[in-house]
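K.L.:
Below: one structure in structure tokens.
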Amino acid sequence: MILPIERGGFQVATSGGTSSGLPTEIVYPKDELADTYQWAGGFIGRHIIDRHMPSDHARWVACTLADHMMWSSASMVGGVLQAIPDINYIGAGAIDHEVFQRILAYPGTKAVMGISRSIADLVAFADRASANDRASLRVALYGSGALQPKVHADLRNAYPNLVVLSFFAAMQAETIGLQLDPASPVLTAVPGLHLVEIVDAENRSVAVGEEGDLLVTRLFGNGAPVLRYRLGDRMVRRSDLVSDRLNAMRFEYAGRSSDRFELGGSYFYAPKVLASIGKALRRCRLLDLDQVAQDVQIRVDRAHRRMTILVVTVRAEELSRTIDAQIAAAIIRQVMVTAKTERDGPLDGFRFAIALVPPGSQELVTTGVGKTPLLVERD
């Protein structure tokens, strides 16, 4: 970028990537950044907060993101949340039981935004909250990773009035898409904020229902343009939302572009592999990941020619005693053989396994800013 930085008026934000944990810097003119906050904050207010939080009470929106280790999500996403009309903002940062109880104790309804891991922690925090306080939590917005179906169910059981929605963002585009319907994973772009493209390998737009790479162009980007920035995410294009209230592009998150790995000369895409393995385990009545998994990670260890599905669950000890490890390994192997792209690439030398670990286990690999990659590869 060629920018008149000597004049001042710029902000540099840095993101800790989900896959590598390495930072990526982006430059914003502060006045344009303030405009994006107003634009996105107004959208969240109209289509999420007003819908789920009555305006005749005090309304609180808390952000549990923290700026540390060159990760600027608290200031960026926090800027958007502060611009939601008619709310009180809480810049909470990383929270524990005690801090969360203080938030819930404020009079009125509450919304919380954080990375998926911190939103999952709210399940345990419910144990110390009164029924009235738990009923006051209305919206949970999560980013930086997926929430497992079990976590969704546990959150709804703990907080009777809660809707759980995805907030898809990045440093290069602080609000890209928002889940408006808790019953559908489809994300809706904020009209007028960014040009969102989903493209194939030739950078051509894909058709509705097709998957491709995500490109983002900032429309509030005259002072420091960001043009067709490839974020490293895969999306499925969905039909546009056209209604009396909203006309917007929609898409569905499919995973990180880097979540591809190679075994035996064949290439696999981790989200699809995991979905197939989950279906096979459930069909064989061996394990239902949707019912037990609080987190899942695929571990590929090439030096030892081993692939492990790491499942985080409070029932780790119990399930480890009841699951037949050999049958689980055979099921995973069969899924991988069926999914192979090169039929002549053997998997005979690879071993497959499921490892069940409790929450907080050191076995689960996370980045320096607390994100959980779906795929971890070791040579």
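Within each chain, counting starts at residue 1; across the structure tokens, chains are named A, B, ... in the order shown, with ligands numbered 1 upward in that order.
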Considering only strand (DSSP E) as DSSP defines it on the backbone, what residues of stretch 127-302 of chain A qualify? List them as number ranges by chain.
P.N.:
A: 137-143, 163-170, 173-179, 187-189, 194-199, 211-218, 229-242, 247-256, 260-263, 266-269, 295-301
K.L.:
Mind dumping the selected residues with C-alpha atoms as an mmCIF file, in the first residue's frame?
P.N.:
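Result file out-v8.cif:
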```cif
data_model
loop_
_atom_site.group_PDB
_atom_site.id
_atom_site.type_symbol
_atom_site.label_atom_id
_atom_site.label_comp_id
_atom_site.auth_asym_id
_atom_site.auth_seq_id
_atom_site.Cartn_x
_atom_site.Cartn_y
_atom_site.Cartn_z
ATOM 1 C CA LEU A 137 -29.351 -13.739 28.102
ATOM 2 C CA ARG A 138 -31.003 -13.452 24.689
ATOM 3 C CA VAL A 139 -28.280 -13.516 21.994
ATOM 4 C CA ALA A 140 -24.879 -15.217 21.689
ATOM 5 C CA LEU A 141 -22.752 -14.307 18.665
ATOM 6 C CA TYR A 142 -19.742 -16.505 17.951
ATOM 7 C CA GLY A 143 -16.829 -16.180 15.549
ATOM 8 C CA VAL A 163 -30.532 -17.652 20.215
ATOM 9 C CA VAL A 164 -27.046 -18.606 19.047
ATOM 10 C CA LEU A 165 -25.840 -16.975 15.821
ATOM 11 C CA SER A 166 -22.642 -16.892 13.798
ATOM 12 C CA PHE A 167 -20.789 -13.578 13.408
ATOM 13 C CA PHE A 168 -18.427 -14.059 10.464
ATOM 14 C CA ALA A 169 -15.697 -11.441 10.302
ATOM 15 C CA ALA A 170 -11.999 -10.847 9.691
ATOM 16 C CA ALA A 173 -13.515 -6.960 6.798
ATOM 17 C CA GLU A 174 -14.788 -6.552 10.337
ATOM 18 C CA THR A 175 -18.311 -7.748 9.491
ATOM 19 C CA ILE A 176 -18.694 -9.985 6.429
ATOM 20 C CA GLY A 177 -21.795 -12.047 7.127
ATOM 21 C CA LEU A 178 -24.282 -12.601 9.940
ATOM 22 C CA GLN A 179 -26.537 -15.547 10.667
ATOM 23 C CA LEU A 187 -24.964 -16.036 6.467
ATOM 24 C CA THR A 188 -26.249 -12.728 5.136
ATOM 25 C CA ALA A 189 -23.892 -10.013 3.903
ATOM 26 C CA HIS A 194 -18.432 -5.040 1.206
ATOM 27 C CA LEU A 195 -18.483 -6.593 -2.228
ATOM 28 C CA VAL A 196 -18.523 -10.307 -1.402
ATOM 29 C CA GLU A 197 -17.493 -12.748 -4.143
ATOM 30 C CA ILE A 198 -17.340 -16.539 -4.112
ATOM 31 C CA VAL A 199 -15.108 -17.703 -6.929
ATOM 32 C CA GLU A 211 -18.569 -23.883 -3.353
ATOM 33 C CA GLY A 212 -15.646 -21.540 -3.870
ATOM 34 C CA ASP A 213 -13.083 -19.226 -2.298
ATOM 35 C CA LEU A 214 -14.193 -16.021 -0.578
ATOM 36 C CA LEU A 215 -12.997 -12.652 -1.911
ATOM 37 C CA VAL A 216 -13.843 -9.391 -0.155
ATOM 38 C CA THR A 217 -13.596 -5.805 -1.417
ATOM 39 C CA ARG A 218 -14.136 -2.993 1.084
ATOM 40 C CA TYR A 229 -8.846 -9.824 -0.736
ATOM 41 C CA ARG A 230 -8.650 -13.619 -0.492
ATOM 42 C CA LEU A 231 -9.395 -14.420 3.133
ATOM 43 C CA GLY A 232 -8.644 -18.142 2.971
ATOM 44 C CA ASP A 233 -12.238 -19.242 3.612
ATOM 45 C CA ARG A 234 -14.466 -21.527 1.577
ATOM 46 C CA MET A 235 -18.122 -20.659 1.076
ATOM 47 C CA VAL A 236 -21.165 -22.132 -0.630
ATOM 48 C CA ARG A 237 -23.156 -19.505 -2.463
ATOM 49 C CA ARG A 238 -26.824 -19.442 -1.526
ATOM 50 C CA SER A 239 -29.730 -17.638 -3.167
ATOM 51 C CA ASP A 240 -30.033 -13.941 -2.386
ATOM 52 C CA LEU A 241 -32.362 -12.809 0.358
ATOM 53 C CA VAL A 242 -35.076 -10.621 -1.156
ATOM 54 C CA ASN A 247 -32.112 -7.386 -0.201
ATOM 55 C CA ALA A 248 -28.761 -9.080 0.371
ATOM 56 C CA MET A 249 -26.320 -11.736 -0.797
ATOM 57 C CA ARG A 250 -26.194 -14.954 1.212
ATOM 58 C CA PHE A 251 -23.628 -17.732 1.601
ATOM 59 C CA GLU A 252 -22.755 -20.633 3.887
ATOM 60 C CA TYR A 253 -19.427 -21.236 5.576
ATOM 61 C CA ALA A 254 -17.729 -24.440 4.389
ATOM 62 C CA GLY A 255 -14.346 -24.202 6.134
ATOM 63 C CA ARG A 256 -10.862 -22.855 5.726
ATOM 64 C CA ARG A 260 -6.835 -29.691 2.959
ATOM 65 C CA PHE A 261 -4.415 -32.509 3.598
ATOM 66 C CA GLU A 262 -2.709 -35.309 1.705
ATOM 67 C CA LEU A 263 -2.555 -38.991 2.533
ATOM 68 C CA SER A 266 -4.808 -38.337 -2.367
ATOM 69 C CA TYR A 267 -6.055 -34.964 -1.170
ATOM 70 C CA PHE A 268 -8.867 -34.573 1.349
ATOM 71 C CA TYR A 269 -10.871 -31.620 2.647
ATOM 72 C CA ASP A 295 -14.927 -29.838 19.994
ATOM 73 C CA VAL A 296 -13.337 -31.953 17.250
ATOM 74 C CA GLN A 297 -9.892 -31.806 15.678
ATOM 75 C CA ILE A 298 -8.302 -33.891 12.923
ATOM 76 C CA ARG A 299 -4.653 -34.721 13.646
ATOM 77 C CA VAL A 300 -2.423 -35.949 10.805
ATOM 78 C CA ASP A 301 0.991 -37.264 11.879
#
```
K.L.:
So how many Å separate atom CA of A:Val206 and atom CA of A:Leu227, to one decimal?
P.N.:
18.5 Å
K.L.:
Got a sec: who's within 7 Å of stretch 123-127 of chain A, counting only C-alpha atoms, leaving out chain neighbours fewer than 6 positions off, as an NGL selection string?
P.N.:
:A and (97 or 134 or 154-155 or 158)
K.L.:
In Å, with one decimal, what is the gap from atom CA of A:Ala207 to atom CA of A:Gly278?
P.N.:
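Distance reported for this atom pair: 28.0 Å.
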K.L.:
Show me, as a compact mmCIF listing (two decimals) with N, CA, C and O atoms, in the first residue's frame, the residues that have an atom within 12 Å of A:Thr109 when counting only C-alpha atoms, minus same-chain residues fewer than 4 positions from it.
P.N.:
```txt
# COMPACT_ATOMS: atom_id res chain seq x y z
N ILE A 49 -30.70 -7.53 17.12
CA ILE A 49 -31.00 -7.04 18.47
C ILE A 49 -32.47 -6.67 18.62
O ILE A 49 -33.14 -7.07 19.58
N ASP A 50 -33.00 -5.89 17.70
CA ASP A 50 -34.41 -5.49 17.79
C ASP A 50 -35.35 -6.69 17.75
O ASP A 50 -36.43 -6.68 18.34
N HIS A 52 -34.70 -9.84 18.88
CA HIS A 52 -34.59 -10.79 19.99
C HIS A 52 -34.49 -10.12 21.37
O HIS A 52 -34.56 -10.82 22.38
N MET A 53 -34.35 -8.80 21.41
CA MET A 53 -34.20 -8.11 22.70
C MET A 53 -35.18 -6.95 22.75
O MET A 53 -35.03 -5.97 22.01
N PRO A 54 -36.19 -7.03 23.60
CA PRO A 54 -37.21 -5.97 23.64
C PRO A 54 -36.62 -4.62 24.02
O PRO A 54 -35.74 -4.52 24.88
N SER A 55 -37.11 -3.57 23.37
CA SER A 55 -36.55 -2.23 23.57
C SER A 55 -37.12 -1.52 24.79
O SER A 55 -36.67 -0.43 25.12
N ASP A 56 -38.10 -2.13 25.48
CA ASP A 56 -38.66 -1.47 26.64
C ASP A 56 -37.86 -1.78 27.91
O ASP A 56 -38.25 -1.40 29.01
N HIS A 57 -36.74 -2.50 27.77
CA HIS A 57 -35.83 -2.74 28.88
C HIS A 57 -34.44 -2.24 28.48
O HIS A 57 -34.16 -1.99 27.31
N ALA A 58 -33.58 -2.12 29.48
CA ALA A 58 -32.18 -1.83 29.16
C ALA A 58 -31.60 -3.00 28.35
O ALA A 58 -31.91 -4.17 28.62
N ARG A 59 -30.78 -2.68 27.36
CA ARG A 59 -30.18 -3.72 26.51
C ARG A 59 -28.66 -3.59 26.58
O ARG A 59 -28.11 -2.51 26.39
N TRP A 60 -28.00 -4.73 26.82
CA TRP A 60 -26.55 -4.76 27.00
C TRP A 60 -25.93 -5.69 25.97
O TRP A 60 -26.41 -6.80 25.75
N VAL A 61 -24.84 -5.25 25.35
CA VAL A 61 -24.09 -6.09 24.43
C VAL A 61 -22.65 -6.14 24.93
O VAL A 61 -21.99 -5.10 25.03
N ALA A 62 -22.18 -7.34 25.24
CA ALA A 62 -20.83 -7.53 25.78
C ALA A 62 -19.94 -8.20 24.74
O ALA A 62 -20.37 -9.10 24.02
N ILE A 87 -28.13 0.61 22.70
CA ILE A 87 -27.65 -0.45 23.59
C ILE A 87 -26.59 0.13 24.51
O ILE A 87 -26.01 1.20 24.25
N ASN A 88 -26.33 -0.58 25.60
CA ASN A 88 -25.20 -0.29 26.47
C ASN A 88 -24.11 -1.30 26.15
O ASN A 88 -24.40 -2.51 26.05
N ILE A 103 -22.14 -9.43 34.70
CA ILE A 103 -22.82 -9.00 33.48
C ILE A 103 -24.30 -9.36 33.53
O ILE A 103 -25.18 -8.54 33.23
N LEU A 104 -24.59 -10.59 33.91
CA LEU A 104 -25.98 -11.04 33.95
C LEU A 104 -26.80 -10.27 34.98
O LEU A 104 -28.03 -10.17 34.86
N ALA A 105 -26.12 -9.76 36.01
CA ALA A 105 -26.85 -9.08 37.10
C ALA A 105 -27.35 -7.70 36.69
O ALA A 105 -28.22 -7.13 37.37
N ASN A 132 -33.61 -16.26 36.75
CA ASN A 132 -33.94 -14.96 36.17
C ASN A 132 -32.77 -14.40 35.36
O ASN A 132 -32.96 -13.84 34.27
N ASP A 133 -31.55 -14.54 35.90
CA ASP A 133 -30.38 -14.04 35.19
C ASP A 133 -30.14 -14.83 33.90
O ASP A 133 -29.81 -14.25 32.86
N ARG A 134 -30.32 -16.14 33.96
CA ARG A 134 -30.13 -16.95 32.76
C ARG A 134 -31.17 -16.61 31.70
O ARG A 134 -30.88 -16.62 30.50
N ALA A 135 -32.36 -16.28 32.14
CA ALA A 135 -33.42 -15.91 31.19
C ALA A 135 -33.14 -14.58 30.50
O ALA A 135 -33.69 -14.30 29.43
N SER A 136 -32.29 -13.76 31.09
CA SER A 136 -32.01 -12.44 30.52
C SER A 136 -31.00 -12.48 29.38
O SER A 136 -30.83 -11.50 28.66
N LEU A 137 -30.30 -13.62 29.21
CA LEU A 137 -29.35 -13.74 28.10
C LEU A 137 -30.12 -14.13 26.85
O LEU A 137 -30.69 -15.22 26.77
N ARG A 138 -30.15 -13.25 25.86
CA ARG A 138 -31.00 -13.45 24.69
C ARG A 138 -30.24 -13.82 23.42
O ARG A 138 -30.77 -14.54 22.57
N VAL A 139 -29.02 -13.30 23.25
CA VAL A 139 -28.28 -13.52 21.99
C VAL A 139 -26.83 -13.85 22.31
O VAL A 139 -26.20 -13.20 23.14
N ALA A 140 -26.31 -14.90 21.65
CA ALA A 140 -24.88 -15.22 21.69
C ALA A 140 -24.36 -15.22 20.26
O ALA A 140 -24.87 -15.97 19.41
N ASN A 161 -34.04 -18.48 26.80
CA ASN A 161 -34.45 -17.49 25.79
C ASN A 161 -33.34 -17.19 24.77
O ASN A 161 -33.46 -16.25 23.99
N LEU A 162 -32.30 -18.02 24.76
CA LEU A 162 -31.11 -17.69 23.97
C LEU A 162 -31.22 -18.14 22.52
O LEU A 162 -31.67 -19.26 22.23
```
K.L.:
Enumerate as a list in words all residues of stretch 237-282 of chain A assigned to alpha helix (DSSP H) by DSSP on the backbone, naming them with the chain letters and numbers the document uses.
P.N.:
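Of stretch 237-282 of chain A, only Ala270, Pro271, Lys272, Val273, Leu274, Ala275, Ser276, Ile277, Gly278, Lys279, Ala280, Leu281 and Arg282 of chain A fall in alpha helix (DSSP H).
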K.L.:
Name the closest residue to A:Ala355 among the candidates A:Arg321, A:Arg282, A:Arg46, A:Lys110; distances are taken between atoms, counting only C-alpha atoms.
P.N.:
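The shortest atom-to-atom distance to A:Ala355 comes from A:Arg321.
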K.L.:
Show me, as number ranges by chain, the residues that have an atom within 6 Å of stretch 322-330 of chain A when counting only C-alpha atoms, minus same-chain residues fewer than 2 positions from it.
P.N.:
A: 319-320, 332-333, 352-353
K.L.:
Could you check how far atom CA of A:Asp35 sits from atom CA of A:Arg51, in Å to one decimal?
P.N.:
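Atom CA of A:Arg51 lies 23.5 Å from atom CA of A:Asp35.
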K.L.:
Would you please work out which residue, of A:Ala120, A:Leu65, A:Val357, A:Ala270, is nearest to A:Glu318 when using only C-alpha atoms?
P.N.:
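So, comparing all the options, the nearest one is A:Val357.
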K.L.:
Please provide the set of residues having any atom within 8 Å of A:Ile26, restricted to only C-alpha atoms, with same-chain residues fewer than 6 positions apart removed, written as a count of residues only.
P.N.:
5
